[in-house]
>>> print(open('final20.cif').read())   # mmCIF, C-alpha atoms
data_model
#
loop_
_atom_site.label_atom_id
_atom_site.label_comp_id
_atom_site.auth_asym_id
_atom_site.auth_seq_id
_atom_site.Cartn_x
_atom_site.Cartn_y
_atom_site.Cartn_z
CA ILE E 764 -32.62 -144.10 -87.82
CA ASN E 765 -32.86 -147.50 -89.54
CA ARG E 766 -35.07 -146.10 -92.30
CA ARG E 767 -32.76 -143.15 -92.87
CA MET E 768 -29.73 -145.44 -93.00
CA ALA E 769 -31.43 -147.66 -95.58
CA GLU E 770 -32.42 -144.69 -97.74
CA GLU E 771 -28.96 -143.13 -97.64
CA SER E 772 -27.04 -146.37 -98.21
CA VAL E 773 -28.58 -147.17 -101.61
CA VAL E 774 -25.89 -147.12 -104.30
CA LEU E 775 -27.09 -146.15 -107.78
CA LEU E 776 -24.98 -148.21 -110.15
CA LYS E 777 -25.96 -146.51 -113.39
CA ASN E 778 -28.54 -143.99 -114.54
CA ASN E 779 -28.83 -143.23 -118.24
CA GLY E 780 -31.77 -140.94 -117.71
CA ILE E 781 -34.28 -143.71 -116.93
CA LEU E 782 -34.53 -142.72 -113.28
CA PRO E 783 -36.57 -141.24 -111.80
CA LEU E 784 -39.47 -143.00 -113.55
CA LYS E 785 -41.10 -139.84 -114.89
CA GLY E 786 -43.00 -139.85 -118.16
CA ILE E 787 -43.13 -143.65 -118.17
CA GLN E 788 -46.66 -145.00 -118.23
CA LYS E 789 -46.05 -148.73 -118.72
CA LEU E 790 -43.55 -150.60 -116.56
CA ALA E 791 -42.55 -154.27 -116.77
CA VAL E 792 -41.35 -155.79 -113.50
CA ILE E 793 -39.47 -158.99 -114.25
CA GLY E 794 -37.28 -161.49 -112.43
CA PRO E 795 -37.23 -164.25 -109.82
CA ASN E 796 -36.49 -161.80 -106.98
CA ALA E 797 -39.20 -159.27 -107.82
CA ASP E 798 -41.94 -160.81 -105.67
CA GLN E 799 -40.03 -163.03 -103.24
CA VAL E 800 -40.31 -162.68 -99.45
CA PRO E 801 -37.33 -164.98 -98.58
CA VAL E 802 -34.89 -162.73 -100.42
CA LEU E 803 -35.95 -159.87 -98.15
CA LEU E 804 -35.11 -161.90 -95.04
CA GLY E 805 -31.72 -163.36 -95.94
CA THR E 806 -30.13 -166.08 -93.81
CA TYR E 807 -29.56 -164.04 -90.61
CA ASN E 808 -32.98 -162.72 -89.97
CA GLY E 809 -35.93 -162.08 -87.78
CA TYR E 810 -39.52 -161.96 -89.03
CA PRO E 811 -41.18 -158.57 -89.54
CA SER E 812 -44.87 -158.09 -88.96
CA ARG E 813 -45.35 -156.76 -92.50
CA TYR E 814 -43.67 -157.54 -95.79
CA SER E 815 -43.41 -155.47 -98.94
CA THR E 816 -41.73 -157.12 -101.90
CA PHE E 817 -40.17 -155.05 -104.67
CA LEU E 818 -43.18 -155.71 -106.88
CA ARG E 819 -45.62 -154.66 -104.16
CA GLY E 820 -43.64 -151.49 -103.47
CA LEU E 821 -43.75 -150.51 -107.13
CA GLN E 822 -47.44 -151.38 -107.41
CA ASP E 823 -48.19 -149.16 -104.42
CA ASN E 824 -46.19 -146.18 -105.70
CA PHE E 825 -45.97 -146.23 -109.49
CA GLU E 826 -48.74 -144.18 -111.07
CA GLY E 827 -48.83 -146.00 -114.41
CA GLU E 828 -49.59 -149.60 -115.39
CA ILE E 829 -47.42 -152.52 -114.33
CA ARG E 830 -47.09 -155.98 -115.81
CA TYR E 831 -45.19 -158.62 -113.86
CA SER E 832 -43.43 -161.79 -114.95
CA LYS E 833 -41.24 -164.01 -112.80
CA GLY E 834 -39.34 -164.83 -115.96
CA CYS E 835 -37.50 -167.90 -114.72
CA HIS E 836 -36.73 -170.11 -111.74
CA HIS E 837 -33.85 -168.87 -109.61
CA TYR E 838 -31.48 -171.60 -110.77
CA ILE E 839 -33.34 -174.40 -112.60
CA ASP E 840 -33.15 -173.97 -116.38
CA SER E 841 -36.53 -174.83 -117.90
CA ARG E 842 -34.85 -175.88 -121.17
CA LYS E 843 -33.23 -178.78 -119.33
CA ASN E 844 -36.43 -179.67 -117.49
CA PRO E 845 -39.31 -180.17 -119.93
CA TRP E 846 -41.78 -180.54 -117.08
CA MET E 847 -41.25 -176.87 -116.18
CA GLU E 848 -43.10 -173.95 -117.72
CA ASP E 849 -40.77 -171.67 -119.68
CA LEU E 850 -41.59 -168.12 -118.58
CA THR E 851 -39.05 -166.40 -120.83
CA ARG E 852 -41.55 -165.66 -123.60
CA GLU E 853 -43.96 -164.15 -121.10
CA ALA E 854 -41.19 -161.89 -119.79
CA VAL E 855 -40.15 -160.79 -123.27
CA LEU E 856 -43.75 -159.93 -124.16
CA ALA E 857 -44.00 -157.82 -121.00
CA ALA E 858 -40.73 -156.06 -121.87
CA LYS E 859 -41.86 -155.29 -125.43
CA TRP E 860 -45.15 -153.90 -124.11
CA ALA E 861 -43.49 -151.64 -121.53
CA ASP E 862 -41.83 -148.24 -121.76
CA ALA E 863 -39.14 -149.49 -119.35
CA VAL E 864 -38.19 -152.64 -117.47
CA VAL E 865 -37.08 -153.22 -113.88
CA LEU E 866 -35.24 -156.53 -113.76
CA PHE E 867 -34.81 -158.09 -110.30
CA MET E 868 -32.13 -160.78 -110.51
CA GLY E 869 -29.69 -162.43 -108.10
CA LEU E 870 -29.61 -165.08 -105.42
CA ASP E 871 -31.87 -166.05 -102.54
CA PRO E 872 -31.40 -167.96 -99.24
CA SER E 873 -31.88 -171.31 -100.98
CA MET E 874 -28.70 -170.65 -102.96
CA GLU E 875 -26.35 -169.32 -100.30
CA GLY E 876 -25.49 -169.58 -96.64
CA GLU E 877 -22.80 -171.02 -94.41
CA GLU E 878 -21.44 -174.49 -94.96
CA GLY E 879 -23.27 -176.97 -92.75
CA ASP E 880 -26.59 -175.12 -92.72
CA ALA E 881 -29.10 -177.86 -91.95
CA PHE E 882 -31.86 -176.32 -94.06
CA ASN E 883 -29.66 -175.90 -97.12
CA GLY E 884 -26.87 -178.44 -97.02
CA ALA E 885 -26.70 -178.92 -100.78
CA ASN E 886 -26.23 -175.27 -101.76
CA ALA E 887 -24.66 -173.53 -98.76
CA GLY E 888 -20.95 -172.94 -98.31
CA ASP E 889 -18.46 -172.32 -101.10
CA LYS E 890 -19.92 -171.76 -104.57
CA ALA E 891 -18.52 -173.31 -107.74
CA ASP E 892 -18.40 -169.85 -109.35
CA LEU E 893 -19.70 -166.31 -108.92
CA GLN E 894 -21.91 -166.30 -112.00
CA LEU E 895 -25.64 -165.77 -112.13
CA PRO E 896 -27.40 -169.10 -112.73
CA ASP E 897 -27.89 -170.06 -116.39
CA SER E 898 -31.65 -169.59 -116.09
CA GLN E 899 -31.16 -165.94 -115.13
CA LYS E 900 -28.46 -165.33 -117.73
CA ARG E 901 -30.85 -166.47 -120.43
CA LEU E 902 -33.64 -164.29 -119.05
CA TRP E 903 -31.73 -161.03 -118.82
CA LYS E 904 -30.25 -161.45 -122.31
CA ALA E 905 -33.72 -162.10 -123.75
CA VAL E 906 -35.18 -159.07 -121.96
CA LEU E 907 -32.29 -156.84 -123.03
CA ALA E 908 -32.81 -157.92 -126.64
CA ALA E 909 -36.33 -156.45 -126.48
CA GLY E 910 -34.65 -153.07 -126.84
CA LYS E 911 -36.32 -151.25 -123.95
CA PRO E 912 -34.56 -149.28 -121.18
CA VAL E 913 -33.63 -151.73 -118.43
CA ILE E 914 -33.03 -151.04 -114.74
CA PHE E 915 -31.00 -154.02 -113.49
CA VAL E 916 -31.32 -154.71 -109.75
CA ASN E 917 -29.01 -157.36 -108.26
CA VAL E 918 -30.51 -158.71 -105.03
CA SER E 919 -28.00 -161.09 -103.48
CA GLY E 920 -26.52 -161.86 -100.09
CA SER E 921 -23.11 -162.78 -101.49
CA ALA E 922 -20.80 -161.87 -104.34
CA VAL E 923 -22.00 -162.16 -107.94
CA ASP E 924 -19.86 -161.59 -111.03
CA LEU E 925 -21.59 -158.90 -113.08
CA HIS E 926 -18.83 -158.09 -115.57
CA GLU E 927 -21.00 -159.05 -118.52
CA GLN E 928 -23.79 -156.78 -117.34
CA LYS E 929 -21.27 -153.97 -117.00
CA GLU E 930 -20.01 -154.52 -120.56
CA LYS E 931 -23.61 -154.30 -121.79
CA GLY E 932 -23.97 -150.92 -120.10
CA LEU E 933 -26.37 -152.06 -117.38
CA ILE E 934 -23.91 -151.49 -114.55
CA LYS E 935 -21.36 -148.74 -114.14
CA HIS E 936 -19.74 -149.53 -110.80
CA LEU E 937 -18.62 -152.92 -109.46
CA GLY E 938 -17.57 -153.76 -105.93
CA PHE E 939 -17.43 -156.62 -103.45
CA SER E 940 -17.83 -157.04 -99.71
CA MET E 941 -14.68 -157.98 -97.79
CA HIS E 942 -14.55 -160.29 -94.77
CA ASP E 943 -10.86 -161.10 -94.58
CA SER E 944 -7.55 -159.56 -93.62
CA ALA E 945 -6.22 -156.24 -94.83
CA GLU E 946 -3.40 -158.15 -96.49
CA ALA E 947 -5.90 -160.19 -98.53
CA LEU E 948 -7.82 -157.04 -99.45
CA ASP E 949 -4.64 -155.36 -100.61
CA LYS E 950 -3.85 -158.35 -102.83
CA VAL E 951 -7.32 -158.39 -104.38
CA LEU E 952 -7.37 -154.66 -105.07
CA THR E 953 -3.87 -154.79 -106.55
CA GLU E 954 -4.79 -157.65 -108.89
CA HIS E 955 -8.26 -156.31 -109.72
CA PRO E 956 -8.09 -152.54 -110.15
CA GLU E 957 -11.50 -152.68 -111.87
CA VAL E 958 -13.10 -152.96 -108.42
CA GLU E 959 -14.60 -149.56 -107.69
CA PHE E 960 -15.95 -149.74 -104.13
CA VAL E 961 -15.61 -152.02 -101.11
CA PRO E 962 -18.26 -152.73 -98.44
CA LEU E 963 -16.48 -153.31 -95.11
CA GLN E 964 -17.57 -154.27 -91.60
CA ILE E 965 -16.80 -151.13 -89.62
CA ASN E 966 -17.81 -150.22 -86.09
CA TYR E 967 -15.97 -148.99 -83.04
CA ALA E 968 -15.91 -152.46 -81.42
CA ASP E 969 -14.15 -154.01 -84.42
CA TRP E 970 -12.00 -151.01 -85.31
CA ASP E 971 -8.80 -152.43 -83.82
CA SER E 972 -9.87 -156.09 -83.80
CA ASP E 973 -7.12 -158.50 -84.80
CA SER E 974 -9.64 -160.76 -86.51
CA VAL E 975 -12.00 -158.30 -88.25
CA GLN E 976 -9.32 -155.64 -88.89
CA SER E 977 -11.83 -152.87 -89.57
CA ARG E 978 -9.31 -150.04 -89.41
CA LEU E 979 -6.63 -151.83 -91.41
CA CYS E 980 -9.10 -152.86 -94.13
CA TYR E 981 -10.52 -149.33 -94.29
CA GLU E 982 -7.03 -147.86 -94.62
CA THR E 983 -6.18 -150.39 -97.31
CA ALA E 984 -9.27 -149.54 -99.35
CA ARG E 985 -8.52 -145.82 -99.09
CA LYS E 986 -4.87 -146.43 -100.05
CA HIS E 987 -6.15 -147.86 -103.31
CA GLY E 988 -8.51 -144.92 -103.74
CA LYS E 989 -11.65 -147.04 -103.30
CA PRO E 990 -14.72 -145.61 -101.56
CA VAL E 991 -16.17 -147.70 -98.74
CA VAL E 992 -19.72 -148.84 -97.97
CA ILE E 993 -20.26 -149.42 -94.24
CA MET E 994 -21.56 -152.82 -93.11
CA GLU E 995 -22.51 -153.73 -89.52
CA PRO E 996 -22.24 -150.21 -88.02
CA VAL E 997 -24.00 -151.43 -84.86
CA LYS E 998 -22.48 -154.95 -85.00
CA GLY E 999 -25.67 -156.92 -85.48
CA GLY E 1000 -27.48 -154.70 -82.99
CA SER E 1001 -25.13 -155.44 -80.09
CA LEU E 1002 -23.86 -151.83 -79.98
CA ALA E 1003 -27.45 -150.63 -79.59
CA ASN E 1004 -27.98 -152.84 -76.55
CA LEU E 1005 -24.87 -152.47 -74.43
CA PRO E 1006 -24.59 -153.73 -70.85
CA GLU E 1007 -25.58 -150.98 -68.44
CA SER E 1008 -22.03 -150.84 -67.13
CA ALA E 1009 -20.92 -149.60 -70.56
CA ALA E 1010 -24.06 -147.77 -71.68
CA HIS E 1011 -24.02 -145.35 -68.77
CA PHE E 1012 -20.81 -143.71 -70.04
CA PHE E 1013 -22.58 -142.74 -73.27
CA LYS E 1014 -25.73 -141.63 -71.45
CA GLU E 1015 -23.75 -139.42 -69.11
CA ALA E 1016 -21.86 -137.82 -71.99
CA GLU E 1017 -24.98 -137.09 -74.08
CA PRO E 1018 -28.23 -137.89 -72.27
CA ASP E 1019 -30.40 -136.97 -75.27
CA MET E 1020 -28.62 -139.31 -77.68
CA SER E 1021 -29.23 -143.04 -77.95
CA VAL E 1022 -26.50 -145.58 -77.37
CA ALA E 1023 -26.88 -146.74 -80.98
CA SER E 1024 -26.28 -143.24 -82.29
CA TRP E 1025 -22.70 -143.35 -81.02
CA ALA E 1026 -21.99 -146.33 -83.22
CA LEU E 1027 -23.68 -144.74 -86.23
CA ARG E 1028 -21.84 -141.46 -85.79
CA PHE E 1029 -18.52 -143.26 -85.43
CA ALA E 1030 -19.02 -145.01 -88.76
CA ALA E 1031 -20.34 -141.87 -90.47
CA SER E 1032 -17.34 -139.82 -89.32
CA LEU E 1033 -14.97 -141.58 -91.72
CA ASP E 1034 -13.93 -140.10 -95.04
CA GLY E 1035 -14.49 -141.72 -98.40
CA LEU E 1036 -17.88 -143.30 -97.71
CA ILE E 1037 -20.72 -143.87 -100.15
#
>>> encode(input="final20.cif", output="structure tokens")
Amino acid sequence: INRRMAEESVVLLKNNGILPLKGIQKLAVIGPNADQVPVLLGTYNGYPSRYSTFLRGLQDNFEGEIRYSKGCHHYIDSRKNPWMEDLTREAVLAAKWADAVVLFMGLDPSMEGEEGDAFNGANAGDKADLQLPDSQKRLWKAVLAAGKPVIFVNVSGSAVDLHEQKEKGLIKHLGFSMHDSAEALDKVLTEHPEVEFVPLQINYADWDSDSVQSRLCYETARKHGKPVVIMEPVKGGSLANLPESAAHFFKEAEPDMSVASWALRFAASLDGLI
């Protein structure tokens, strides 16, 4: 079920005929998140027995030749730190060599988290802005200037302003995840009609919650004509592991179905989902 949910929840932001990668023999994989394990884990995580980074996944499945370049540090600009190696030229050479480029940009756990996180006190909490770091801005502009088809993949655990990427034609649809009241969501969508989809925390436990306001937020997004991406359909796994006093009602109703499937079917029953 988890694998199927992951496969069906991918949102393709733009496809100008690059995807699927057919007829492409040389692929450049570039960016600070292309071969990073921490970005796969996030800040609320367990530890899987096996890891497959984006680079490794492409190497295992792409039939042509791949060249990889990290391209830049996540947030330290090498121009301002002469002791650092500048990887931009390496990335541009890989892009010029390739038939197409997959650019893995965004944030990682060292750049986000909740205020007060002991492991990341300097960078967690509120951010000064929603921009990509300068190091990554410089990289993606340099790669784009190489003139090859670019697949831009934003891998982040929090909001990132990608308006510039959209203006350049790399992104077609922009959205943001909402963790606030329906009133706040209504205000944001009224003031920013350019928002095209809204990820919301929706599950049957939070549907009528006064704090989460799943139903009210969902209705607000639909009022504005925005499709919704479901977050937390099993509420961090808690709806897959109910106390027996609650679980037995589901088991009696449908003995062949798992307790978790009730939560998934509830979320999937709503209209206007992507």
>>> atom_distance(input="final20.cif", atom1="atom CA of E:His1011", atom2="atom CA of E:Arg1028")
17.6 Å
>>> closest_residue(input="final20.cif", among="E:Leu979, E:Leu1036, E:Pro845, E:Val991", to="E:Gly938", atoms="all atoms listed in the file")
E:Val991
>>> residues_around(input="final20.cif", residues="stretch 847-859 of chain E", least_positions_apart="2", cutoff="7 Å", atoms="all atoms listed in the file", output="ChimeraX atom specification")
/E:791,793,830,832,834-835,841,844-845,861,864,902,905-906,909,911
>>> residues_around(input="final20.cif", residues="E:Ile829", least_positions_apart="5", cutoff="8 Å", atoms="only C-alpha atoms", output="NGL selection string")
:E and (789-792 or 822)
>>> resolve_selection(input="final20.cif", expression="the PyMOL selection byres ((chain E and resi 919) around 6)", output="PyMOL selection string")
chain E and resi 869-870+918+920-921
>>> residues_around(input="final20.cif", residues="E:Trp1025", least_positions_apart="5", cutoff="10 Å", atoms="only C-alpha atoms", output="PyMOL selection string")
chain E and resi 966-967+996-997+1002-1003+1013+1017+1020+1030-1031
>>> resolve_selection(input="final20.cif", expression="the PyMOL selection byres ((chain E and resi 838-840) around 7)", output="MDAnalysis selection string")
chainID E and resid 836:837 841:844 896:898
>>> closest_residue(input="final20.cif", among="E:Tyr810, E:Phe939, E:Phe817, E:Tyr981", to="E:Leu1033", atoms="only C-alpha atoms")
E:Tyr981
>>> atom_distance(input="final20.cif", atom1="atom CA of E:Glu959", atom2="atom CA of E:Leu937")
5.5 Å
>>> closest_residue(input="final20.cif", among="E:Leu782, E:Met868, E:Ile787, E:Ala1009", to="E:Val802", atoms="all atoms listed in the file")
E:Met868
>>> closest_residue(input="final20.cif", among="E:Val951, E:Ala1023, E:Tyr831, E:Pro962", to="E:Trp860", atoms="only C-alpha atoms")
E:Tyr831
>>> atom_distance(input="final20.cif", atom1="atom CA of E:Asp1034", atom2="atom CA of E:Gly1000")
23.3 Å
>>> resolve_selection(input="final20.cif", expression="the PyMOL selection byres ((chain E and resi 797-801) around 10)", output="JSON, numbers by chain")
{"E": [792, 793, 794, 795, 796, 802, 803, 804, 805, 806, 808, 814, 815, 816, 817, 818, 819, 820, 821, 831, 832, 833, 834, 865, 866, 867, 868, 871, 872, 873, 916, 918]}
>>> decode(input="final20.cif", residues="stretch 1006-1017 of chain E", atoms="all heavy atoms", output="PDB file, in the first residue's frame")
ATOM      1  N   PRO E1006      -5.862   1.191  19.025  1.00  0.00           N
ATOM      2  CA  PRO E1006      -6.122   0.320  20.179  1.00  0.00           C
ATOM      3  C   PRO E1006      -7.146  -0.749  19.794  1.00  0.00           C
ATOM      4  O   PRO E1006      -8.037  -0.512  18.972  1.00  0.00           O
ATOM      5  CB  PRO E1006      -6.688   1.284  21.227  1.00  0.00           C
ATOM      6  CG  PRO E1006      -6.218   2.633  20.811  1.00  0.00           C
ATOM      7  CD  PRO E1006      -6.132   2.608  19.314  1.00  0.00           C
ATOM      8  N   GLU E1007      -7.022  -1.912  20.372  1.00  0.00           N
ATOM      9  CA  GLU E1007      -7.915  -3.009  20.012  1.00  0.00           C
ATOM     10  C   GLU E1007      -9.376  -2.651  20.218  1.00  0.00           C
ATOM     11  O   GLU E1007     -10.260  -3.106  19.473  1.00  0.00           O
ATOM     12  CB  GLU E1007      -7.554  -4.250  20.821  1.00  0.00           C
ATOM     13  CG  GLU E1007      -8.333  -5.496  20.419  1.00  0.00           C
ATOM     14  CD  GLU E1007      -8.165  -5.848  18.942  1.00  0.00           C
ATOM     15  OE1 GLU E1007      -7.058  -5.624  18.410  1.00  0.00           O
ATOM     16  OE2 GLU E1007      -9.149  -6.327  18.340  1.00  0.00           O
ATOM     17  N   SER E1008      -9.645  -1.815  21.230  1.00  0.00           N
ATOM     18  CA  SER E1008     -11.029  -1.421  21.493  1.00  0.00           C
ATOM     19  C   SER E1008     -11.646  -0.668  20.327  1.00  0.00           C
ATOM     20  O   SER E1008     -12.868  -0.678  20.142  1.00  0.00           O
ATOM     21  CB  SER E1008     -11.093  -0.534  22.748  1.00  0.00           C
ATOM     22  OG  SER E1008     -10.269   0.613  22.598  1.00  0.00           O
ATOM     23  N   ALA E1009     -10.822  -0.002  19.519  1.00  0.00           N
ATOM     24  CA  ALA E1009     -11.321   0.703  18.336  1.00  0.00           C
ATOM     25  C   ALA E1009     -11.166  -0.148  17.078  1.00  0.00           C
ATOM     26  O   ALA E1009     -12.037  -0.166  16.205  1.00  0.00           O
ATOM     27  CB  ALA E1009     -10.577   2.023  18.166  1.00  0.00           C
ATOM     28  N   ALA E1010     -10.052  -0.883  16.993  1.00  0.00           N
ATOM     29  CA  ALA E1010      -9.764  -1.650  15.786  1.00  0.00           C
ATOM     30  C   ALA E1010     -10.795  -2.740  15.526  1.00  0.00           C
ATOM     31  O   ALA E1010     -11.078  -3.055  14.361  1.00  0.00           O
ATOM     32  CB  ALA E1010      -8.374  -2.268  15.888  1.00  0.00           C
ATOM     33  N   HIS E1011     -11.379  -3.277  16.582  1.00  0.00           N
ATOM     34  CA  HIS E1011     -12.279  -4.416  16.370  1.00  0.00           C
ATOM     35  C   HIS E1011     -13.539  -4.015  15.601  1.00  0.00           C
ATOM     36  O   HIS E1011     -14.150  -4.841  14.920  1.00  0.00           O
ATOM     37  CB  HIS E1011     -12.651  -5.076  17.708  1.00  0.00           C
ATOM     38  CG  HIS E1011     -13.791  -4.446  18.429  1.00  0.00           C
ATOM     39  ND1 HIS E1011     -13.635  -3.364  19.269  1.00  0.00           N
ATOM     40  CD2 HIS E1011     -15.128  -4.750  18.442  1.00  0.00           C
ATOM     41  CE1 HIS E1011     -14.808  -3.035  19.774  1.00  0.00           C
ATOM     42  NE2 HIS E1011     -15.728  -3.843  19.285  1.00  0.00           N
ATOM     43  N   PHE E1012     -13.947  -2.739  15.674  1.00  0.00           N
ATOM     44  CA  PHE E1012     -15.105  -2.293  14.903  1.00  0.00           C
ATOM     45  C   PHE E1012     -14.825  -2.401  13.407  1.00  0.00           C
ATOM     46  O   PHE E1012     -15.674  -2.825  12.621  1.00  0.00           O
ATOM     47  CB  PHE E1012     -15.469  -0.846  15.263  1.00  0.00           C
ATOM     48  CG  PHE E1012     -16.047  -0.688  16.635  1.00  0.00           C
ATOM     49  CD1 PHE E1012     -15.294  -0.139  17.656  1.00  0.00           C
ATOM     50  CD2 PHE E1012     -17.344  -1.102  16.901  1.00  0.00           C
ATOM     51  CE1 PHE E1012     -15.817   0.004  18.926  1.00  0.00           C
ATOM     52  CE2 PHE E1012     -17.890  -0.962  18.174  1.00  0.00           C
ATOM     53  CZ  PHE E1012     -17.125  -0.410  19.188  1.00  0.00           C
ATOM     54  N   PHE E1013     -13.613  -2.013  12.991  1.00  0.00           N
ATOM     55  CA  PHE E1013     -13.248  -2.107  11.582  1.00  0.00           C
ATOM     56  C   PHE E1013     -13.112  -3.570  11.158  1.00  0.00           C
ATOM     57  O   PHE E1013     -13.536  -3.961  10.061  1.00  0.00           O
ATOM     58  CB  PHE E1013     -11.931  -1.370  11.325  1.00  0.00           C
ATOM     59  CG  PHE E1013     -12.009   0.113  11.547  1.00  0.00           C
ATOM     60  CD1 PHE E1013     -11.300   0.712  12.575  1.00  0.00           C
ATOM     61  CD2 PHE E1013     -12.790   0.905  10.720  1.00  0.00           C
ATOM     62  CE1 PHE E1013     -11.362   2.079  12.773  1.00  0.00           C
ATOM     63  CE2 PHE E1013     -12.856   2.276  10.910  1.00  0.00           C
ATOM     64  CZ  PHE E1013     -12.144   2.869  11.945  1.00  0.00           C
ATOM     65  N   LYS E1014     -12.516  -4.386  12.016  1.00  0.00           N
ATOM     66  CA  LYS E1014     -12.308  -5.790  11.675  1.00  0.00           C
ATOM     67  C   LYS E1014     -13.634  -6.537  11.554  1.00  0.00           C
ATOM     68  O   LYS E1014     -13.786  -7.427  10.714  1.00  0.00           O
ATOM     69  CB  LYS E1014     -11.418  -6.451  12.724  1.00  0.00           C
ATOM     70  CG  LYS E1014      -9.991  -5.889  12.732  1.00  0.00           C
ATOM     71  CD  LYS E1014      -9.164  -6.494  13.852  1.00  0.00           C
ATOM     72  CE  LYS E1014      -7.744  -5.918  13.871  1.00  0.00           C
ATOM     73  NZ  LYS E1014      -6.926  -6.453  14.994  1.00  0.00           N
ATOM     74  N   GLU E1015     -14.579  -6.184  12.393  1.00  0.00           N
ATOM     75  CA  GLU E1015     -15.891  -6.822  12.308  1.00  0.00           C
ATOM     76  C   GLU E1015     -16.622  -6.411  11.038  1.00  0.00           C
ATOM     77  O   GLU E1015     -17.318  -7.213  10.415  1.00  0.00           O
ATOM     78  CB  GLU E1015     -16.735  -6.447  13.534  1.00  0.00           C
ATOM     79  CG  GLU E1015     -16.295  -7.130  14.821  1.00  0.00           C
ATOM     80  CD  GLU E1015     -17.183  -6.764  15.988  1.00  0.00           C
ATOM     81  OE1 GLU E1015     -18.114  -5.941  15.794  1.00  0.00           O
ATOM     82  OE2 GLU E1015     -16.953  -7.290  17.097  1.00  0.00           O
ATOM     83  N   ALA E1016     -16.466  -5.151  10.642  1.00  0.00           N
ATOM     84  CA  ALA E1016     -17.161  -4.659   9.451  1.00  0.00           C
ATOM     85  C   ALA E1016     -16.593  -5.272   8.183  1.00  0.00           C
ATOM     86  O   ALA E1016     -17.348  -5.665   7.276  1.00  0.00           O
ATOM     87  CB  ALA E1016     -17.072  -3.136   9.382  1.00  0.00           C
ATOM     88  N   GLU E1017     -15.257  -5.359   8.081  1.00  0.00           N
ATOM     89  CA  GLU E1017     -14.609  -5.924   6.900  1.00  0.00           C
ATOM     90  C   GLU E1017     -13.384  -6.714   7.345  1.00  0.00           C
ATOM     91  O   GLU E1017     -12.265  -6.183   7.382  1.00  0.00           O
ATOM     92  CB  GLU E1017     -14.217  -4.823   5.913  1.00  0.00           C
ATOM     93  CG  GLU E1017     -15.405  -4.118   5.277  1.00  0.00           C
ATOM     94  CD  GLU E1017     -14.971  -3.235   4.113  1.00  0.00           C
ATOM     95  OE1 GLU E1017     -14.095  -3.673   3.334  1.00  0.00           O
ATOM     96  OE2 GLU E1017     -15.494  -2.129   3.989  1.00  0.00           O
TER      97      GLU E1017
END
